[in-house]
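Coordinates from coords08.pdb are shown below (PDB, C-alpha atoms and all ligand atoms).
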```pdb
MODEL        1
ATOM      1  CA  MET B  26       0.000   0.000   0.000
ATOM      2  CA  HIS B  27       1.203   3.468  -0.842
ATOM      3  CA  SER B  28       0.974   6.050   1.951
ATOM      4  CA  PRO B  29       0.770   9.742   1.057
ATOM      5  CA  ASP B  30       4.031  11.568   0.650
ATOM      6  CA  PHE B  31       4.321  14.809   2.619
ATOM      7  CA  SER B  32       7.783  15.799   1.375
ATOM      8  CA  LEU B  33       8.461  19.496   0.830
ATOM      9  CA  SER B  34       8.424  20.644  -2.794
ATOM     10  CA  SER B  35      11.622  22.178  -4.136
ATOM     11  CA  ASP B  36      10.005  25.629  -3.853
ATOM     12  CA  GLN B  37       9.096  24.980  -0.230
ATOM     13  CA  LEU B  38      12.586  23.725   0.489
ATOM     14  CA  GLU B  39      14.060  26.838  -1.075
ATOM     15  CA  GLN B  40      11.712  28.984   1.031
ATOM     16  CA  PHE B  41      12.730  27.089   4.166
ATOM     17  CA  GLU B  42      16.435  27.527   3.494
ATOM     18  CA  ARG B  43      15.916  31.239   2.736
ATOM     19  CA  ASP B  44      13.644  32.096   5.695
ATOM     20  CA  GLY B  45      14.693  29.458   8.237
ATOM     21  CA  PHE B  46      11.092  28.363   8.822
ATOM     22  CA  ILE B  47       8.052  27.108   6.979
ATOM     23  CA  GLY B  48       4.423  26.543   7.906
ATOM     24  CA  PRO B  49       1.895  26.243   9.273
ATOM     25  CA  PHE B  50       0.928  22.737   8.163
ATOM     26  CA  ASP B  51      -2.149  20.772   9.222
ATOM     27  CA  LEU B  52      -1.723  17.694  11.408
ATOM     28  CA  TYR B  53      -4.767  17.197  13.666
ATOM     29  CA  ASP B  54      -8.130  18.894  13.159
ATOM     30  CA  GLU B  55      -9.274  21.099  16.028
ATOM     31  CA  VAL B  56     -11.738  18.632  17.535
ATOM     32  CA  GLU B  57      -9.218  15.797  17.320
ATOM     33  CA  MET B  58      -6.539  17.981  18.933
ATOM     34  CA  GLU B  59      -8.804  18.872  21.822
ATOM     35  CA  LYS B  60      -9.656  15.222  22.402
ATOM     36  CA  ASN B  61      -5.982  14.254  22.223
ATOM     37  CA  LEU B  62      -5.046  16.940  24.704
ATOM     38  CA  THR B  63      -7.792  15.959  27.148
ATOM     39  CA  ALA B  64      -6.478  12.382  27.104
ATOM     40  CA  LEU B  65      -2.871  13.548  27.299
ATOM     41  CA  ARG B  66      -3.045  15.944  30.275
ATOM     42  CA  PRO B  67      -3.382  13.359  33.070
ATOM     43  CA  LYS B  68      -0.611  11.279  31.481
ATOM     44  CA  LEU B  69       1.723  14.265  31.363
ATOM     45  CA  LEU B  70       1.020  14.993  35.000
ATOM     46  CA  ASN B  71       1.893  11.438  35.930
ATOM     47  CA  ALA B  72       5.656  11.689  35.590
ATOM     48  CA  LYS B  73       6.315   8.269  37.121
ATOM     49  CA  LYS B  74       6.721   6.657  33.714
ATOM     50  CA  SER B  75       9.068   9.327  32.399
ATOM     51  CA  ILE B  76      12.539   7.924  31.698
ATOM     52  CA  TYR B  77      13.879  10.629  34.016
ATOM     53  CA  HIS B  78      11.642   9.799  36.947
ATOM     54  CA  GLY B  79      13.618   9.246  40.121
ATOM     55  CA  GLU B  80      16.805  10.250  38.335
ATOM     56  CA  GLY B  81      16.811  13.936  39.135
ATOM     57  CA  SER B  82      14.939  16.634  40.946
ATOM     58  CA  ALA B  83      11.332  17.318  39.979
ATOM     59  CA  SER B  84      11.602  20.253  37.674
ATOM     60  CA  ALA B  85      10.624  22.416  34.815
ATOM     61  CA  ILE B  86      12.203  19.888  32.482
ATOM     62  CA  SER B  87      10.339  16.856  33.764
ATOM     63  CA  ASN B  88       8.317  17.422  30.590
ATOM     64  CA  TYR B  89      11.284  16.380  28.389
ATOM     65  CA  ASP B  90      11.026  13.346  26.110
ATOM     66  CA  ARG B  91       7.602  12.142  27.129
ATOM     67  CA  HIS B  92       7.410  10.542  23.657
ATOM     68  CA  LEU B  93       9.476   7.778  25.281
ATOM     69  CA  ASP B  94       6.626   6.836  27.612
ATOM     70  CA  ILE B  95       3.352   8.212  26.174
ATOM     71  CA  GLU B  96       2.022   6.491  23.069
ATOM     72  CA  PHE B  97       0.240   9.520  21.634
ATOM     73  CA  LEU B  98       3.503  11.495  21.695
ATOM     74  CA  ALA B  99       5.444   8.511  20.326
ATOM     75  CA  GLU B 100       3.061   8.534  17.366
ATOM     76  CA  HIS B 101       3.162  12.315  17.167
ATOM     77  CA  ILE B 102       6.935  12.581  16.639
ATOM     78  CA  THR B 103       6.806   9.855  13.975
ATOM     79  CA  ARG B 104       3.814  11.196  12.007
ATOM     80  CA  PRO B 105       4.510  11.113   8.236
ATOM     81  CA  GLU B 106       3.137  14.678   7.910
ATOM     82  CA  ILE B 107       6.076  15.765  10.080
ATOM     83  CA  VAL B 108       8.755  13.193   9.232
ATOM     84  CA  ASP B 109       8.502  13.442   5.430
ATOM     85  CA  ARG B 110       8.963  17.209   5.594
ATOM     86  CA  VAL B 111      11.851  16.987   8.048
ATOM     87  CA  VAL B 112      13.497  14.314   5.866
ATOM     88  CA  SER B 113      13.278  16.699   2.895
ATOM     89  CA  ILE B 114      15.541  18.992   4.912
ATOM     90  CA  LEU B 115      17.828  16.570   6.763
ATOM     91  CA  GLY B 116      17.949  13.593   4.457
ATOM     92  CA  GLU B 117      16.639  10.035   4.586
ATOM     93  CA  ASP B 118      18.425   8.975   7.796
ATOM     94  CA  THR B 119      16.836  11.105  10.474
ATOM     95  CA  LEU B 120      16.357  10.842  14.234
ATOM     96  CA  CYS B 121      14.321  12.643  16.873
ATOM     97  CA  TRP B 122      16.413  13.441  19.950
ATOM     98  CA  ARG B 123      14.134  15.629  22.064
ATOM     99  CA  SER B 124      10.554  16.549  22.674
ATOM    100  CA  GLU B 125       9.460  19.176  25.166
ATOM    101  CA  PHE B 126       6.458  21.252  26.119
ATOM    102  CA  PHE B 127       6.290  25.024  26.200
ATOM    103  CA  PRO B 128       3.251  26.131  28.191
ATOM    104  CA  LYS B 129       2.399  29.802  28.422
ATOM    105  CA  TYR B 130      -0.205  30.411  31.109
ATOM    106  CA  PRO B 131      -2.512  33.460  31.240
ATOM    107  CA  GLY B 132      -0.390  36.472  32.197
ATOM    108  CA  ASP B 133       2.956  34.782  31.433
ATOM    109  CA  GLU B 134       5.810  36.741  29.882
ATOM    110  CA  GLY B 135       6.864  36.124  26.294
ATOM    111  CA  THR B 136       9.834  33.916  25.461
ATOM    112  CA  ASP B 137      12.916  36.048  24.890
ATOM    113  CA  TRP B 138      14.592  36.218  21.488
ATOM    114  CA  HIS B 139      17.177  33.474  21.103
ATOM    115  CA  GLN B 140      19.080  31.165  18.742
ATOM    116  CA  ALA B 141      20.471  27.732  19.595
ATOM    117  CA  GLU B 142      23.266  26.079  17.661
ATOM    118  CA  ASP B 143      24.579  23.340  19.957
ATOM    119  CA  PHE B 144      22.501  23.996  23.120
ATOM    120  CA  SER B 145      25.691  24.276  25.181
ATOM    121  CA  SER B 146      24.691  27.507  26.943
ATOM    122  CA  LEU B 147      22.337  25.615  29.239
ATOM    123  CA  THR B 148      24.618  22.737  30.221
ATOM    124  CA  ASP B 149      26.802  23.414  33.266
ATOM    125  CA  SER B 150      30.154  22.802  31.634
ATOM    126  CA  GLN B 151      29.084  24.390  28.339
ATOM    127  CA  GLN B 152      29.421  21.029  26.601
ATOM    128  CA  PRO B 153      27.425  20.804  23.367
ATOM    129  CA  GLN B 154      24.218  18.799  23.458
ATOM    130  CA  ILE B 155      24.374  18.196  19.719
ATOM    131  CA  GLN B 156      27.260  18.097  17.253
ATOM    132  CA  TRP B 157      27.306  17.955  13.444
ATOM    133  CA  PRO B 158      30.272  16.320  11.699
ATOM    134  CA  GLN B 159      33.261  18.617  11.357
ATOM    135  CA  GLY B 160      33.079  20.897   8.345
ATOM    136  CA  SER B 161      29.347  20.454   7.955
ATOM    137  CA  PRO B 162      27.687  23.574   6.556
ATOM    138  CA  LYS B 163      24.526  22.931   8.596
ATOM    139  CA  ARG B 164      24.074  23.930  12.218
ATOM    140  CA  GLY B 165      21.499  23.607  14.933
ATOM    141  CA  THR B 166      18.519  21.268  14.931
ATOM    142  CA  VAL B 167      15.275  21.202  13.000
ATOM    143  CA  THR B 168      12.431  21.967  15.398
ATOM    144  CA  VAL B 169       8.811  21.075  14.753
ATOM    145  CA  TRP B 170       6.564  23.130  17.030
ATOM    146  CA  THR B 171       2.962  21.951  17.186
ATOM    147  CA  ALA B 172       0.197  24.116  18.616
ATOM    148  CA  PHE B 173      -1.717  21.864  21.039
ATOM    149  CA  THR B 174      -3.957  24.895  21.838
ATOM    150  CA  GLU B 175      -4.768  28.125  20.025
ATOM    151  CA  SER B 176      -1.612  30.067  19.226
ATOM    152  CA  SER B 177      -2.490  33.721  18.618
ATOM    153  CA  VAL B 178      -0.764  37.027  19.347
ATOM    154  CA  GLU B 179      -2.872  37.250  22.544
ATOM    155  CA  THR B 180      -2.094  33.731  23.814
ATOM    156  CA  GLY B 181       1.628  34.117  23.018
ATOM    157  CA  CYS B 182       2.364  32.666  19.579
ATOM    158  CA  LEU B 183       5.894  32.249  18.253
ATOM    159  CA  GLN B 184       7.675  35.084  16.454
ATOM    160  CA  PHE B 185      10.464  34.664  13.906
ATOM    161  CA  ILE B 186      12.896  37.043  12.230
ATOM    162  CA  PRO B 187      13.122  35.551   8.718
ATOM    163  CA  GLY B 188      16.541  34.749   7.289
ATOM    164  CA  THR B 189      18.452  35.094  10.581
ATOM    165  CA  HIS B 190      19.327  31.389  10.894
ATOM    166  CA  THR B 191      22.667  31.597   9.069
ATOM    167  CA  SER B 192      24.484  33.818  11.534
ATOM    168  CA  MET B 193      24.608  33.568  15.321
ATOM    169  CA  ASN B 194      24.118  36.718  17.412
ATOM    170  CA  TYR B 195      24.791  34.749  20.581
ATOM    171  CA  ASP B 196      27.841  32.891  21.837
ATOM    172  CA  GLU B 197      26.562  29.801  23.608
ATOM    173  CA  LYS B 198      29.985  29.238  25.170
ATOM    174  CA  LYS B 199      29.455  32.305  27.367
ATOM    175  CA  GLY B 200      26.985  30.254  29.383
ATOM    176  CA  LEU B 201      23.794  31.317  31.109
ATOM    177  CA  SER B 202      23.148  31.583  34.829
ATOM    178  CA  TYR B 203      19.864  30.178  36.077
ATOM    179  CA  ASN B 204      17.781  32.440  38.270
ATOM    180  CA  PRO B 205      14.172  31.272  38.650
ATOM    181  CA  THR B 206      13.229  34.399  40.629
ATOM    182  CA  THR B 207      13.400  36.352  37.362
ATOM    183  CA  VAL B 208      10.547  34.352  35.784
ATOM    184  CA  ASN B 209       7.826  36.803  34.711
ATOM    185  CA  GLN B 210       9.892  39.722  36.096
ATOM    186  CA  LEU B 211      11.960  40.862  33.097
ATOM    187  CA  GLN B 212      11.160  43.724  30.713
ATOM    188  CA  LYS B 213      12.878  44.201  27.365
ATOM    189  CA  ASP B 214      12.115  47.282  25.296
ATOM    190  CA  GLY B 215       8.752  47.564  26.989
ATOM    191  CA  VAL B 216       7.801  43.911  26.385
ATOM    192  CA  ARG B 217       7.712  41.338  29.185
ATOM    193  CA  ARG B 218      10.113  38.692  27.977
ATOM    194  CA  GLY B 219      12.332  36.117  29.653
ATOM    195  CA  PHE B 220      13.779  32.674  29.035
ATOM    196  CA  PHE B 221      12.310  30.440  31.716
ATOM    197  CA  GLY B 222      14.686  31.679  34.439
ATOM    198  CA  TYR B 223      17.604  32.581  32.177
ATOM    199  CA  ASP B 224      18.440  35.963  30.641
ATOM    200  CA  TYR B 225      19.467  35.280  27.073
ATOM    201  CA  ARG B 226      21.086  38.721  26.764
ATOM    202  CA  GLN B 227      24.037  37.251  28.725
ATOM    203  CA  LEU B 228      25.040  35.400  25.562
ATOM    204  CA  GLN B 229      25.022  38.367  23.191
ATOM    205  CA  LYS B 230      28.216  38.629  21.159
ATOM    206  CA  ASP B 231      27.778  42.394  21.068
ATOM    207  CA  ASP B 232      26.323  44.076  24.167
ATOM    208  CA  ASP B 233      25.094  47.004  22.093
ATOM    209  CA  TRP B 234      23.181  44.874  19.608
ATOM    210  CA  ALA B 235      19.423  44.290  19.825
ATOM    211  CA  PRO B 236      17.143  42.138  17.665
ATOM    212  CA  ASP B 237      15.496  44.054  14.827
ATOM    213  CA  GLU B 238      11.911  43.458  15.913
ATOM    214  CA  SER B 239      10.575  45.535  13.023
ATOM    215  CA  LYS B 240      11.293  42.476  10.855
ATOM    216  CA  ALA B 241       9.580  39.974  13.193
ATOM    217  CA  VAL B 242       6.615  37.925  11.991
ATOM    218  CA  SER B 243       4.009  36.312  14.239
ATOM    219  CA  GLN B 244       3.315  32.622  13.620
ATOM    220  CA  ILE B 245      -0.417  32.313  14.243
ATOM    221  CA  MET B 246      -1.689  28.720  14.371
ATOM    222  CA  ARG B 247      -4.915  26.977  15.201
ATOM    223  CA  PRO B 248      -4.784  23.933  17.494
ATOM    224  CA  GLY B 249      -3.351  20.942  15.623
ATOM    225  CA  GLN B 250      -1.089  22.838  13.206
ATOM    226  CA  PHE B 251       2.719  22.815  13.216
ATOM    227  CA  VAL B 252       5.595  24.942  11.977
ATOM    228  CA  ILE B 253       9.153  23.826  11.156
ATOM    229  CA  PHE B 254      12.170  26.019  11.930
ATOM    230  CA  TRP B 255      15.935  25.898  12.379
ATOM    231  CA  SER B 256      16.866  26.339  16.059
ATOM    232  CA  THR B 257      19.443  28.868  14.814
ATOM    233  CA  LEU B 258      16.644  31.152  13.598
ATOM    234  CA  MET B 259      15.958  34.196  15.794
ATOM    235  CA  HIS B 260      12.779  33.119  17.572
ATOM    236  CA  ALA B 261      10.713  34.311  20.523
ATOM    237  CA  SER B 262       7.094  34.476  21.557
ATOM    238  CA  HIS B 263       4.597  37.117  22.611
ATOM    239  CA  PRO B 264       3.458  37.340  26.244
ATOM    240  CA  ASN B 265       0.147  35.653  27.026
ATOM    241  CA  THR B 266      -2.119  38.636  27.687
ATOM    242  CA  THR B 267      -5.320  36.622  28.059
ATOM    243  CA  ALA B 268      -7.073  36.094  31.384
ATOM    244  CA  ASP B 269      -7.929  32.450  30.869
ATOM    245  CA  LYS B 270      -6.312  30.833  27.818
ATOM    246  CA  THR B 271      -3.198  28.693  28.184
ATOM    247  CA  ARG B 272      -1.008  28.363  25.114
ATOM    248  CA  LEU B 273       0.648  24.948  24.867
ATOM    249  CA  GLY B 274       3.298  24.136  22.301
ATOM    250  CA  CYS B 275       4.965  20.776  21.828
ATOM    251  CA  ALA B 276       8.422  20.987  20.256
ATOM    252  CA  ALA B 277      10.135  17.968  18.697
ATOM    253  CA  ARG B 278      13.750  18.240  17.576
ATOM    254  CA  TYR B 279      15.340  16.334  14.718
ATOM    255  CA  LEU B 280      18.862  15.662  13.366
ATOM    256  CA  PRO B 281      20.448  13.450  10.741
ATOM    257  CA  THR B 282      21.952  10.241  12.156
ATOM    258  CA  LYS B 283      25.421  11.494  11.182
ATOM    259  CA  ALA B 284      25.175  14.120  13.965
ATOM    260  CA  ARG B 285      25.969  13.266  17.579
ATOM    261  CA  VAL B 286      23.445  13.664  20.370
ATOM    262  CA  TYR B 287      24.738  14.441  23.890
ATOM    263  CA  PRO B 288      28.375  13.632  22.977
ATOM    264  CA  GLY B 289      30.201  12.642  26.158
ATOM    265  CA  LEU B 290      27.302  13.670  28.394
ATOM    266  CA  THR B 291      25.813  11.349  31.000
ATOM    267  CA  GLU B 292      23.450  13.878  32.505
ATOM    268  CA  LEU B 293      21.661  17.092  31.635
ATOM    269  CA  ASN B 294      21.841  19.950  34.078
ATOM    270  CA  GLU B 295      19.540  22.778  33.093
ATOM    271  CA  PHE B 296      16.517  24.784  34.207
ATOM    272  CA  GLY B 297      17.530  24.056  37.800
ATOM    273  CA  SER B 298      17.550  20.282  37.651
ATOM    274  CA  VAL B 299      19.734  17.334  36.782
ATOM    275  CA  LEU B 300      18.516  14.555  34.523
ATOM    276  CA  ASN B 301      20.383  11.284  34.232
ATOM    277  CA  LEU B 302      20.608  10.180  30.605
ATOM    278  CA  LYS B 303      21.091   6.479  31.253
ATOM    279  CA  ARG B 304      17.652   5.557  29.899
ATOM    280  CA  PHE B 305      17.761   8.125  27.095
ATOM    281  CA  GLY B 306      17.874   7.105  23.461
ATOM    282  CA  SER B 307      17.160   8.877  20.203
ATOM    283  CA  VAL B 308      14.328   7.594  18.019
ATOM    284  CA  LEU B 309      15.130   6.666  14.423
ATOM    285  CA  VAL B 310      12.167   8.136  12.526
ATOM    286  CA  SER B 311      13.327   7.510   8.957
ATOM    287  CA  GLY B 312      15.861   5.419   7.071
ATOM    288  CA  SER B 313      18.681   3.704   8.926
ATOM    289  CA  ASP B 314      21.718   4.490  11.040
ATOM    290  CA  GLN B 315      25.054   3.883   9.375
ATOM    291  CA  TYR B 316      27.261   5.702  11.861
ATOM    292  CA  GLY B 317      26.826   4.155  15.291
ATOM    293  CA  HIS B 318      27.324   7.572  16.929
ATOM    294  CA  ASN B 319      24.060   7.484  18.820
ATOM    295  CA  ARG B 320      22.092   5.265  21.142
ATOM    296  CA  PHE B 321      18.609   4.463  19.873
ATOM    297  CA  VAL B 322      15.436   3.188  21.458
ATOM    298  CA  ASP B 323      12.870   1.402  19.311
ATOM    299  CA  ARG B 324       9.900   1.324  21.693
ATOM    300  CA  THR B 325       8.294   3.267  24.513
ATOM    301  CA  VAL B 326       8.459   2.081  28.113
ATOM    302  CA  ASP B 327       4.995   0.585  27.496
ATOM    303  CA  GLY B 328       6.218  -1.360  24.481
ATOM    304  CA  PHE B 329       4.780   0.751  21.629
ATOM    305  CA  ARG B 330       7.138   0.377  18.663
ATOM    306  CA  PHE B 331       8.199   3.528  16.847
ATOM    307  CA  PRO B 332       7.373   3.314  13.137
ATOM    308  CA  VAL B 333      10.276   4.155  10.805
ATOM    309  CA  ARG B 334       9.653   5.846   7.432
ATOM    310  CA  THR B 335      11.553   4.359   4.518
ATOM    311  CA  LEU B 336      12.749   5.617   1.165
ATOM    312  CA  GLY B 337       9.979   5.811  -1.422
ATOM    313  CA  ARG B 338       7.578   6.551   1.413
ATOM    314  CA  THR B 339       5.780   3.207   1.072
ATOM    315  CA  ALA B 340       4.065   1.683   4.070
TER
HETATM  316  O1  LIG B 401       7.302  28.136  22.776
HETATM  317  C1  LIG B 401       8.078  29.040  23.037
HETATM  318  O2  LIG B 401       7.709  30.089  23.555
HETATM  319  C2  LIG B 401       9.537  28.906  22.717
HETATM  320  C3  LIG B 401       9.853  27.689  21.894
HETATM  321  C4  LIG B 401      11.284  27.549  21.590
HETATM  322  O3  LIG B 401      12.093  28.363  21.915
HETATM  323  C5  LIG B 401      11.737  26.349  20.851
HETATM  324  O4  LIG B 401      10.922  25.470  20.525
HETATM  325  O5  LIG B 401      12.935  26.250  20.571
HETATM  326 FE    FE B 402      14.049  27.916  21.179
ENDMDL
END
```
Using structure tokens, write down the structure that the file contains.
Amino acid sequence: MHSPDFSLSSDQLEQFERDGFIGPFDLYDEVEMEKNLTALRPKLLNAKKSIYHGEGSASAISNYDRHLDIEFLAEHITRPEIVDRVVSILGEDTLCWRSEFFPKYPGDEGTDWHQAEDFSSLTDSQQPQIQWPQGSPKRGTVTVWTAFTESSVETGCLQFIPGTHTSMNYDEKKGLSYNPTTVNQLQKDGVRRGFFGYDYRQLQKDDDWAPDESKAVSQIMRPGQFVIFWSTLMHASHPNTTADKTRLGCAARYLPTKARVYPGLTELNEFGSVLNLKRFGSVLVSGSDQYGHNRFVDRTVDGFRFPVRTLGRTA
């Protein structure tokens, strides 16, 4: 049987490489998304099955990698609508190394402008979390951000500055200091923005530089749609100015199998907690692994097997 092919067209690929993002695309319809989320919430709250449970302090990042224990999220990160498009960018042999939730509750500040190339700014010793082969022209990770609830300017949708993904304004090696008392307390150019207890301005290469917000675009999405962007793109989000609408985004991050995930790292120390990586594995979502750089898992803790897309996109 032939399953539909969701690959990007060459025009779309060109647009993605020019702008650093593309979307939105449809994944779930609104009713389906709401039902999925209702079923998902109690599972997310029950962190006992998380691969990090009991391995670190309860924390803001206990919502990492729940695709390794919750079947709906395991299916989500392997959906052909997502994987085919990501494969168009990264190539046939592609893995998913991270999923995480970004809730923005009524009244919450916006996410500060940032770019991430190797995610080393958050780790204690400034070791990279991801590494492309030496000499590779590509950098960062492909992020697929799905709106699990309405994502509007009022609820705090993402913002992008198109075309900024090819040059880093931040030096991740400078490192960030974690200070949770700053959450919802920072103001930048009159807008309430922070980075979940970090101040991303600490990483600026040039203290006198500021993002050119006049070029920013708002990524409005209905529940069940997703957008794809390079983590090296300048991205942020608006504050949630509503009284009663939570904005929930689910980000999944992808790399080719030739890249290394968590090279030399046995634990993750960020957002005020330490996670032991001994049960962590990447998920092969398409093709095969010919490098042996990375540890893979092929099923969730409940035994659900991750489907792998293959060349020709046949089921
Ligand atoms: O959802 C947000 O506000 C920020 C998301 C983000 O920074 C990311 O997915 O890399
Ligand atoms: Fe980000």
Nearby residues, ligand FE 402 (chain B), 7 Å, all atoms listed in the file, as a PyMOL selection string: chain B and resi 139-141+256+260
Taking every listed atom of ligand LIG 401 (chain B) and adding 8 Å to each side, what centre and edge lengths in Å (one decimal) does the axis-aligned box have, as JSON?
```
{"center_x": 10.1, "center_y": 27.8, "center_z": 22.0, "size_x": 21.6, "size_y": 20.6, "size_z": 19.0}
```
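Distances here use only C-alpha atoms; by that measure, the residue among B:Thr271, B:Thr282, B:Val108, B:Tyr77 closest to Gly317 (chain B) is B:Thr282.
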CA of Val169 (chain B) to CA of Ser313 (chain B), straight-line distance in Å: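 A separation of 20.8 Å between them.
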Selected residue of minimal separation from Ile245 (chain B) among B:Gly200, B:Gly181, B:Pro128, B:Gly312, counting all atoms listed in the file: B:Gly181
Selection within 7 Å of ligand LIG 401 (chain B) by all atoms listed in the file, output as a PyMOL selection string: chain B and resi 127+135-136+168+170+183+256+260-262+274+276
Region 126-230 of chain B near region 234-243 of chain B within 9 Å: what's each residue's closest atom pair and its distance in Å to one decimal, counting all atoms listed in the file, ordered by chain then ascending residue number, as CSV?
```
residue,atom,partner,partner_atom,distance
B:Trp138,CA,B:Pro236,CA,7.5
B:Ser177,CA,B:Ser243,CA,8.3
B:Val178,CA,B:Ser243,CA,7.0
B:Cys182,CA,B:Ser243,CA,6.7
B:Leu183,CA,B:Ser243,CA,6.0
B:Gln184,CA,B:Ser243,CA,4.5
B:Phe185,CA,B:Val242,CA,5.4
B:Ile186,CA,B:Ala241,CA,4.5
B:Pro187,CA,B:Ala241,CA,7.2
B:Asn194,CA,B:Trp234,CA,8.5
B:Gln229,CA,B:Trp234,CA,7.7
B:Lys230,CA,B:Trp234,CA,8.2
```
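Among the candidates B:Leu309, B:Leu258, B:Val322, B:Leu280, the residue lying nearest to Phe41 (chain B) is B:Leu258 (atoms considered: only C-alpha atoms).
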Hits of the PyMOL selection byres (((chain B and resi 305) around 12) and not hetatm) in this structure, as a VMD selection string: chain B and resid 75 to 78 80 89 to 94 121 to 124 286 to 287 290 to 293 300 to 304 306 to 308 319 to 326
Non-local contacts of region 142-153 of chain B (10 Å; all atoms listed in the file; under 2 positions in same chain excluded) as a ChimeraX atom specification: /B:140,155-157,163-166,190,192-193,195-203,223,225,227-228,255-258,285-290,292-297,299
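Each of B:Ile47, B:Leu336, B:Leu70, B:Ile114 was compared to Ile95 (chain B) using all atoms listed in the file, and B:Leu70 turns out to be the nearest.
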Selection: 8 Å around Lys283 (chain B), all atoms listed in the file, excl. self and same-chain fewer than 3 positions, as a count of residues only: 6
Which residue of B:Gly328, B:Pro49, B:Pro248, B:Gly116 approaches Ser311 (chain B) most closely, using all atoms listed in the file: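 Going through B:Gly328, B:Pro49, B:Pro248, B:Gly116 one by one, the smallest distance to Ser311 (chain B) is for B:Gly116.
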Two-atom distance - CA of Thr267 (chain B), CA of Val216 (chain B) (Å):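 Taking CA of Thr267 (chain B) as the start and CA of Val216 (chain B) as the end point, the length is 15.1 Å.
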Counting all atoms listed in the file, the option among B:Gly48, B:Pro281, B:Gly79, B:Gly222 closest to Glu106 (chain B):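 The closest residue to Glu106 (chain B) is B:Gly48.
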Atom-to-atom span, CA of Pro105 (chain B) and CA of Leu52 (chain B), Å: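 Distance reported for this atom pair: 9.6 Å.
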Selection under test: the PyMOL selection byres (((chain B and resi 97) around 10) and not hetatm); residues as a list in words: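 For this structure, the PyMOL selection byres (((chain B and resi 97) around 10) and not hetatm) resolves to Asn61, Leu62, Ala64, Leu65, Arg91, His92, Asp94, Ile95, Glu96, Leu98, Ala99, Glu100, His101, Ile102 and Phe329 of chain B.
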Residues near Gln210 (chain B), cut-off 10 Å, all atoms listed in the file, skip fewer than 4 positions along chain, as a count of residues only: 8
Polymer residues at most 10 Å from Phe31 (chain B), all atoms listed in the file, same-chain spacing of 5 or more positions, as a VMD selection string: chain B and resid 105 to 113 338
Residue subset to file, keeping C-alpha atoms, as a tab-separated table (two decimals), in the coordinates of the input:
```tsv
chain	number	residue	atom	x	y	z
B	105	PRO	CA	4.51	11.11	8.24
B	106	GLU	CA	3.14	14.68	7.91
B	107	ILE	CA	6.08	15.76	10.08
B	108	VAL	CA	8.76	13.19	9.23
B	109	ASP	CA	8.50	13.44	5.43
B	110	ARG	CA	8.96	17.21	5.59
B	111	VAL	CA	11.85	16.99	8.05
B	112	VAL	CA	13.50	14.31	5.87
B	113	SER	CA	13.28	16.70	2.90
B	338	ARG	CA	7.58	6.55	1.41
```
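Non-sequential neighbours of Phe254 (chain B) (distance at most 6 Å, separation of 2 or more positions within a chain, only C-alpha atoms) are Gly45, Phe46, Val167 and Thr168 of chain B.
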